[in-house]
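For reference, structure.cif (mmCIF, C-alpha atoms):
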data_coords
loop_
_atom_site.label_atom_id
_atom_site.label_comp_id
_atom_site.auth_asym_id
_atom_site.auth_seq_id
_atom_site.Cartn_x
_atom_site.Cartn_y
_atom_site.Cartn_z
CA MET E 4 -38.54 17.19 -20.07
CA LYS E 5 -36.24 15.22 -22.35
CA PRO E 6 -37.77 12.10 -23.93
CA THR E 7 -34.78 9.85 -23.19
CA TRP E 8 -33.45 8.72 -19.80
CA THR E 9 -29.93 9.84 -20.71
CA GLY E 10 -31.25 13.34 -21.42
CA ARG E 11 -33.16 13.41 -18.14
CA VAL E 12 -30.07 12.23 -16.21
CA ARG E 13 -27.98 14.96 -17.89
CA GLU E 14 -30.54 17.65 -17.04
CA ALA E 15 -30.74 16.51 -13.43
CA ALA E 16 -26.92 16.31 -13.12
CA VAL E 17 -26.36 19.79 -14.56
CA ALA E 18 -29.16 21.23 -12.39
CA ALA E 19 -27.65 19.67 -9.26
CA LEU E 20 -24.03 20.44 -10.11
CA PRO E 21 -23.63 23.25 -12.66
CA PRO E 22 -20.00 23.52 -13.90
CA GLU E 23 -19.22 26.63 -11.82
CA ARG E 24 -20.28 24.77 -8.68
CA LEU E 25 -18.55 21.51 -9.66
CA LEU E 26 -15.22 23.25 -10.31
CA PRO E 27 -15.38 26.60 -8.50
CA ASP E 28 -12.56 29.15 -8.83
CA THR E 29 -13.32 30.94 -5.56
CA GLN E 30 -13.98 29.76 -2.02
CA PRO E 31 -15.68 31.45 0.96
CA ILE E 32 -13.32 33.48 3.17
CA TYR E 33 -13.85 31.13 6.14
CA VAL E 34 -12.10 28.33 4.22
CA SER E 35 -8.81 30.20 4.86
CA SER E 36 -8.04 28.11 7.95
CA TRP E 37 -5.74 25.14 8.49
CA ILE E 38 -8.62 23.06 9.81
CA TYR E 39 -10.13 23.12 6.30
CA VAL E 40 -7.09 21.52 4.62
CA PHE E 41 -7.44 18.05 6.15
CA GLY E 42 -10.11 16.90 3.70
CA VAL E 43 -7.86 17.52 0.72
CA LEU E 44 -4.87 16.06 2.59
CA THR E 45 -6.95 12.89 3.07
CA LEU E 46 -7.70 12.84 -0.67
CA ALA E 47 -4.00 13.34 -1.50
CA SER E 48 -3.05 10.45 0.79
CA LEU E 49 -5.71 8.29 -0.84
CA ALA E 50 -4.22 9.06 -4.27
CA VAL E 51 -0.79 7.84 -3.06
CA VAL E 52 -2.39 4.76 -1.47
CA LEU E 53 -4.10 3.90 -4.78
CA PHE E 54 -0.97 4.54 -6.86
CA SER E 55 1.37 2.50 -4.63
CA GLY E 56 -1.27 -0.23 -4.30
CA ALA E 57 -1.63 -0.41 -8.09
CA VAL E 58 2.14 -0.83 -8.48
CA LEU E 59 2.16 -3.58 -5.82
CA ALA E 60 -0.80 -5.28 -7.53
CA LEU E 61 1.02 -5.24 -10.89
CA ALA E 62 4.03 -7.07 -9.46
CA GLY E 63 2.11 -9.37 -7.14
CA PRO E 64 1.75 -9.63 -3.37
CA ALA E 65 5.07 -11.47 -2.82
CA TRP E 66 7.18 -8.93 -4.75
CA TRP E 67 8.05 -6.77 -1.75
CA HIS E 68 9.67 -9.68 0.12
CA GLY E 69 12.57 -10.05 -2.30
CA SER E 70 13.00 -6.69 -3.99
CA SER E 71 14.22 -3.39 -2.52
CA VAL E 72 12.01 -1.54 -5.04
CA GLY E 73 9.06 -3.67 -3.97
CA HIS E 74 9.91 -2.96 -0.33
CA PHE E 75 9.95 0.77 -1.13
CA PHE E 76 6.48 0.63 -2.71
CA ASN E 77 5.21 -1.51 0.15
CA SER E 78 6.46 1.08 2.65
CA MET E 79 4.94 3.88 0.55
CA HIS E 80 1.62 1.98 0.64
CA LEU E 81 1.82 1.51 4.43
CA TRP E 82 2.79 5.08 5.33
CA SER E 83 0.34 6.71 2.91
CA THR E 84 -2.35 4.57 4.57
CA GLU E 85 -1.17 5.77 8.00
CA LEU E 86 -1.36 9.38 6.77
CA PHE E 87 -4.77 8.72 5.16
CA PHE E 88 -6.20 7.65 8.52
CA PHE E 89 -4.33 10.40 10.40
CA PHE E 90 -5.71 13.18 8.18
CA MET E 91 -9.16 11.59 7.99
CA VAL E 92 -9.46 11.49 11.79
CA VAL E 93 -8.37 15.16 12.17
CA HIS E 94 -10.83 16.04 9.34
CA LEU E 95 -13.56 14.11 11.21
CA TRP E 96 -12.82 15.93 14.50
CA GLY E 97 -12.86 19.30 12.75
CA LYS E 98 -16.20 18.58 11.06
CA PHE E 99 -17.69 17.10 14.24
CA PHE E 100 -16.94 20.22 16.29
CA MET E 101 -18.24 22.39 13.44
CA ALA E 102 -21.48 20.34 13.40
CA ALA E 103 -20.85 19.94 9.68
CA TRP E 104 -24.22 18.27 9.09
CA ARG E 105 -25.91 21.69 9.32
CA GLY E 106 -27.52 23.28 6.24
CA ARG E 107 -28.85 20.10 4.58
CA ARG E 108 -25.40 18.49 4.75
CA ALA E 109 -26.52 15.35 6.61
CA LEU E 110 -25.77 13.12 3.63
CA THR E 111 -22.28 14.63 3.32
CA TRP E 112 -21.64 13.73 6.97
CA VAL E 113 -23.08 10.23 6.53
CA THR E 114 -21.00 9.45 3.42
CA GLY E 115 -17.89 10.63 5.30
CA ALA E 116 -18.73 8.34 8.20
CA ILE E 117 -19.32 5.41 5.81
CA CYS E 118 -15.96 6.15 4.14
CA PHE E 119 -14.26 5.96 7.54
CA LEU E 120 -16.00 2.69 8.39
CA LEU E 121 -15.19 1.17 4.97
CA SER E 122 -11.54 2.20 5.23
CA ILE E 123 -11.06 0.08 8.35
CA PRO E 124 -11.70 -3.33 6.69
CA THR E 125 -9.80 -2.10 3.62
CA ALA E 126 -6.68 -1.51 5.72
CA PHE E 127 -7.34 -4.64 7.77
CA THR E 128 -7.42 -6.91 4.70
CA GLY E 129 -4.15 -5.27 3.62
CA TYR E 130 -2.49 -6.36 6.85
CA LEU E 131 -3.83 -9.88 6.21
CA ILE E 132 -2.14 -10.23 2.79
CA GLN E 133 1.40 -9.25 3.82
CA GLN E 134 2.43 -12.94 3.57
CA ASN E 135 4.47 -12.89 6.79
CA LEU E 136 4.17 -13.87 10.44
CA ASP E 137 2.46 -10.55 11.20
CA SER E 138 -0.41 -11.27 8.82
CA GLN E 139 -0.66 -14.85 10.10
CA TRP E 140 -0.88 -13.60 13.70
CA ILE E 141 -3.49 -10.96 12.83
CA GLY E 142 -5.55 -13.49 10.84
CA VAL E 143 -5.55 -16.13 13.58
CA GLN E 144 -6.47 -13.56 16.25
CA ALA E 145 -9.19 -11.94 14.11
CA LYS E 146 -10.73 -15.29 13.12
CA ASP E 147 -12.10 -15.93 16.60
CA GLY E 148 -13.62 -12.48 16.97
CA LEU E 149 -15.24 -12.55 13.53
CA ASN E 150 -16.49 -16.11 13.98
CA ALA E 151 -18.08 -15.09 17.30
CA SER E 152 -20.03 -12.40 15.44
CA GLY E 153 -21.18 -14.82 12.73
CA VAL E 154 -19.34 -12.98 9.96
CA GLY E 155 -16.78 -15.76 9.58
CA ALA E 156 -19.08 -17.84 7.36
CA PHE E 157 -18.90 -15.13 4.66
CA PHE E 158 -15.63 -13.37 5.47
CA ASN E 159 -12.87 -15.88 6.24
CA VAL E 160 -9.72 -14.05 7.29
CA LEU E 161 -7.66 -17.24 6.88
CA ASN E 162 -8.70 -17.51 3.19
CA TYR E 163 -5.81 -15.68 1.53
CA GLY E 164 -7.39 -15.48 -1.94
CA GLN E 165 -10.63 -14.09 -0.56
CA MET E 166 -8.79 -11.44 1.50
CA LEU E 167 -6.64 -10.51 -1.52
CA THR E 168 -9.67 -9.85 -3.75
CA TRP E 169 -11.47 -7.95 -0.99
CA HIS E 170 -8.37 -5.79 -0.53
CA VAL E 171 -7.46 -5.06 -4.14
CA VAL E 172 -10.93 -4.96 -5.76
CA LEU E 173 -14.10 -4.83 -3.69
CA LEU E 174 -13.18 -2.56 -0.79
CA PRO E 175 -11.04 -0.03 -2.74
CA VAL E 176 -13.81 0.33 -5.34
CA ALA E 177 -16.34 0.91 -2.54
CA VAL E 178 -14.06 3.47 -0.83
CA VAL E 179 -13.38 5.35 -4.08
CA LEU E 180 -17.11 5.45 -4.97
CA ILE E 181 -18.13 6.71 -1.54
CA VAL E 182 -15.31 9.29 -1.53
CA ALA E 183 -16.42 10.51 -4.99
CA GLY E 184 -20.00 10.83 -3.70
CA HIS E 185 -18.73 12.66 -0.60
CA VAL E 186 -16.75 15.19 -2.67
CA LEU E 187 -19.68 15.77 -5.05
CA LEU E 188 -21.95 16.40 -2.05
CA VAL E 189 -19.42 18.92 -0.68
CA ARG E 190 -19.55 20.66 -4.05
CA ARG E 191 -23.37 20.55 -4.14
CA ARG E 192 -24.00 21.89 -0.62
CA GLY E 193 -20.81 23.94 -0.30
CA VAL E 194 -18.14 23.84 2.42
CA VAL E 195 -19.75 24.13 5.83
CA PRO E 196 -19.24 27.54 7.52
CA PRO E 197 -17.93 27.73 11.08
CA PRO E 198 -20.73 27.64 13.70
CA MET V 27 16.24 -7.79 9.23
CA ALA V 28 17.85 -5.50 6.65
CA ALA V 29 15.76 -2.43 5.82
CA GLY V 30 16.34 -2.80 2.09
CA GLY V 31 15.11 -6.40 1.98
CA GLY V 32 16.97 -9.40 0.61
CA GLY V 33 19.44 -9.57 3.54
CA ARG V 34 21.49 -6.53 2.50
CA THR V 35 23.22 -4.24 5.01
CA MET V 36 21.34 -1.14 6.19
CA PRO V 37 22.33 2.12 4.50
CA GLY V 38 23.72 4.78 6.87
CA MET V 39 20.62 6.97 7.29
CA THR V 40 18.33 3.96 7.70
CA ALA V 41 20.63 2.51 10.35
CA LEU V 42 20.62 5.85 12.20
CA LEU V 43 16.81 6.07 12.17
CA ALA V 44 16.49 2.43 13.18
CA ALA V 45 18.76 3.10 16.15
CA LEU V 46 16.55 6.01 17.24
CA ILE V 47 13.24 4.17 16.84
CA ASP V 48 13.47 0.39 17.14
CA LEU V 49 10.45 -0.85 15.17
CA ASP V 50 11.51 -4.50 15.50
CA GLY V 51 11.61 -4.60 19.29
CA ARG V 52 8.92 -5.72 21.72
CA GLN V 53 5.84 -3.51 21.83
CA ARG V 54 5.54 -1.34 24.93
CA TYR V 55 2.15 -0.78 26.49
CA LEU V 56 0.56 1.56 29.00
CA HIS V 57 -1.78 -0.39 31.26
CA SER V 58 -3.92 0.87 34.08
CA GLY V 59 -6.97 -1.20 35.11
CA TRP V 60 -9.25 -1.49 32.09
CA PHE V 61 -7.16 0.96 30.07
CA LEU V 62 -4.59 -0.60 27.73
CA ILE V 63 -2.86 1.10 24.81
CA SER V 64 0.40 0.54 22.97
CA VAL V 65 2.90 3.40 23.22
CA ALA V 66 2.98 3.58 19.39
CA ASN V 67 -0.81 4.12 19.23
CA LEU V 68 -0.65 6.62 22.07
CA VAL V 69 2.01 8.62 20.21
CA VAL V 70 -0.20 8.71 17.07
CA VAL V 71 -3.26 9.80 19.08
CA CYS V 72 -1.23 12.56 20.80
CA LEU V 73 0.14 13.70 17.42
CA MET V 74 -3.39 13.88 15.99
CA ILE V 75 -4.61 15.94 18.95
CA GLY V 76 -1.55 18.22 18.63
CA VAL V 77 -2.07 18.74 14.89
CA PHE V 78 -5.79 19.39 15.48
CA VAL V 79 -5.07 22.08 18.09
CA LEU V 80 -2.36 23.69 15.92
CA ALA V 81 -4.73 23.70 12.90
CA ILE V 82 -7.23 25.73 14.92
CA LEU V 83 -4.72 28.11 16.54
CA LEU V 84 -2.21 28.82 13.77
CA PRO V 85 -3.08 31.65 11.36
CA PHE V 86 -3.55 30.66 7.73
CA PRO V 87 -1.28 32.49 5.25
CA ARG V 88 -3.19 34.87 2.96
CA ASP V 89 -2.32 36.89 -0.11
CA ARG V 90 -1.43 40.49 0.69
CA GLY V 91 -4.17 41.58 -1.70
CA ASP V 92 -6.78 40.01 0.61
CA GLU V 93 -5.88 42.28 3.55
#

So, in terms of structure tokens, how does the structure I just supplied come out?
Amino acid sequence: MKPTWTGRVREAAVAALPPERLLPDTQPIYVSSWIYVFGVLTLASLAVVLFSGAVLALAGPAWWHGSSVGHFFNSMHLWSTELFFFFMVVHLWGKFFMAAWRGRRALTWVTGAICFLLSIPTAFTGYLIQQNLDSQWIGVQAKDGLNASGVGAFFNVLNYGQMLTWHVVLLPVAVVLIVAGHVLLVRRRGVVPPP
Amino acid sequence: MAAGGGGRTMPGMTALLAALIDLDGRQRYLHSGWFLISVANLVVVCLMIGVFVLAILLPFPRDRGDE
């Protein structure tokens, strides 16, 4: 065993995910099915969400109200989010009916479920920072429900600054981390075969 | 509201699409007893089910060398 913690971490990482498993150049024959493409479609949508969101963050949340370019990026952000959820739900259905938690893949399933649950408040806080009547309506309606659950003391949907930081920092970082863990687990355990 | 923002006139294709699908109109809902869903959400759910079924049924293209 290596004497340093960095050496031990490297040994454990390489043992868990050797390079040929981390970046394989072949896939099992059963992956040749359309139902297996929705995971990567979800990842592609997430990449567009992050790119368009980064552009919107650079220019500020009010940019899209007065600029046709800003409006374009805002629409790209909205529709890539719609596609992200669309593909993620079809991916979830496919994996559910395959019982994808088989073969020591329970943690892969759980991280996918957490990703889905985290994506909901991420999108929700995005709707809250549109700076229009829609976001005001959603915020006022959501306030009562969240206050009834007791969450309102920590998560105030009418606090614009708080919702902005949740949407552009905390929740996206959490989603990206959990997605990265999910993909690494898929690499470690392999793509689940059909039942 | 103009599609391009800033009060400009809609370009031709945008105006055509907007005429087909009016996203600024009142929401339409299906309501039966306890069941309530907007038509927009119902369309998305039906599309997801359709894509799911097609993904299972449609053959996946393969290289000729695999056959």

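Nearest-residue note for chain V: choosing from E:Val40, E:Leu53, E:Ile117, E:Leu173, the minimum distance belongs to E:Val40, counting all atoms listed in the file.
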
> Of the residues E:His94, E:His80, E:Lys146, E:Lys5, which is the one nearest to chain V, using only C-alpha atoms?
Replying inline: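 Looking only at the distances to chain V, the closest residue turns out to be E:His94.
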
> Given the file above and the PyMOL selection byres ((chain E) within 12 of (chain V)), which residues are selected, and can you give them as a PyMOL selection string?
Replying inline: chain E and resi 32-41+66-78+85-86+88-98+100-101+137+197

> Just so the selection is clear, what residues does the PyMOL selection byres ((chain E and resi 181-189) around 9) cover here, as an MDAnalysis selection string?
Replying inline: chainID E and resid 20 25 46 108 110:115 117:118 176:180 190:195

>> Report, in Å to a single decimal, how far apart atom CA of E:Gln133 and atom CA of E:Ala65 are.
In response: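 Separation of atom CA of E:Ala65 and atom CA of E:Gln133: 7.9 Å.
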
>> Can you measure atom CA of E:Ala50 to atom CA of E:Pro27 for me? One decimal in Å is fine.
In response: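 Atom-to-atom, atom CA of E:Ala50 to atom CA of E:Pro27, that is 21.2 Å.
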
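Note that atom CA of E:Thr9 and atom CA of E:Pro175 are 27.9 Å apart.
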
> Between E:Leu131, E:Leu174, E:Leu121, E:Ala62, which has the minimum distance to E:Val143 (counting only C-alpha atoms)?
Replying inline: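 Among E:Leu131, E:Leu174, E:Leu121, E:Ala62, it is E:Leu131 that comes nearest to E:Val143.
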
>> Using only C-alpha atoms, which protein or nucleic acid residues come within 12 Å of stretch 63-69 of chain V? Drop anything in the same chain fewer than 3 positions from it, and give the result as a PyMOL selection string.
In response: (chain E and resi 85+89) or (chain V and resi 47-49+51-60+72-76)

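Using all atoms listed in the file for every distance, the candidate list E:Ser83, E:Leu149, E:Phe158, E:Ala109 yields E:Ser83 as the residue closest to E:Ala47.
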
> Residues at most 12 Å from E:Trp140, counting only C-alpha atoms, excluding those fewer than 5 positions away in the same chain, as an MDAnalysis selection string?
Replying inline: chainID E and resid 130:135 145:147 160:161
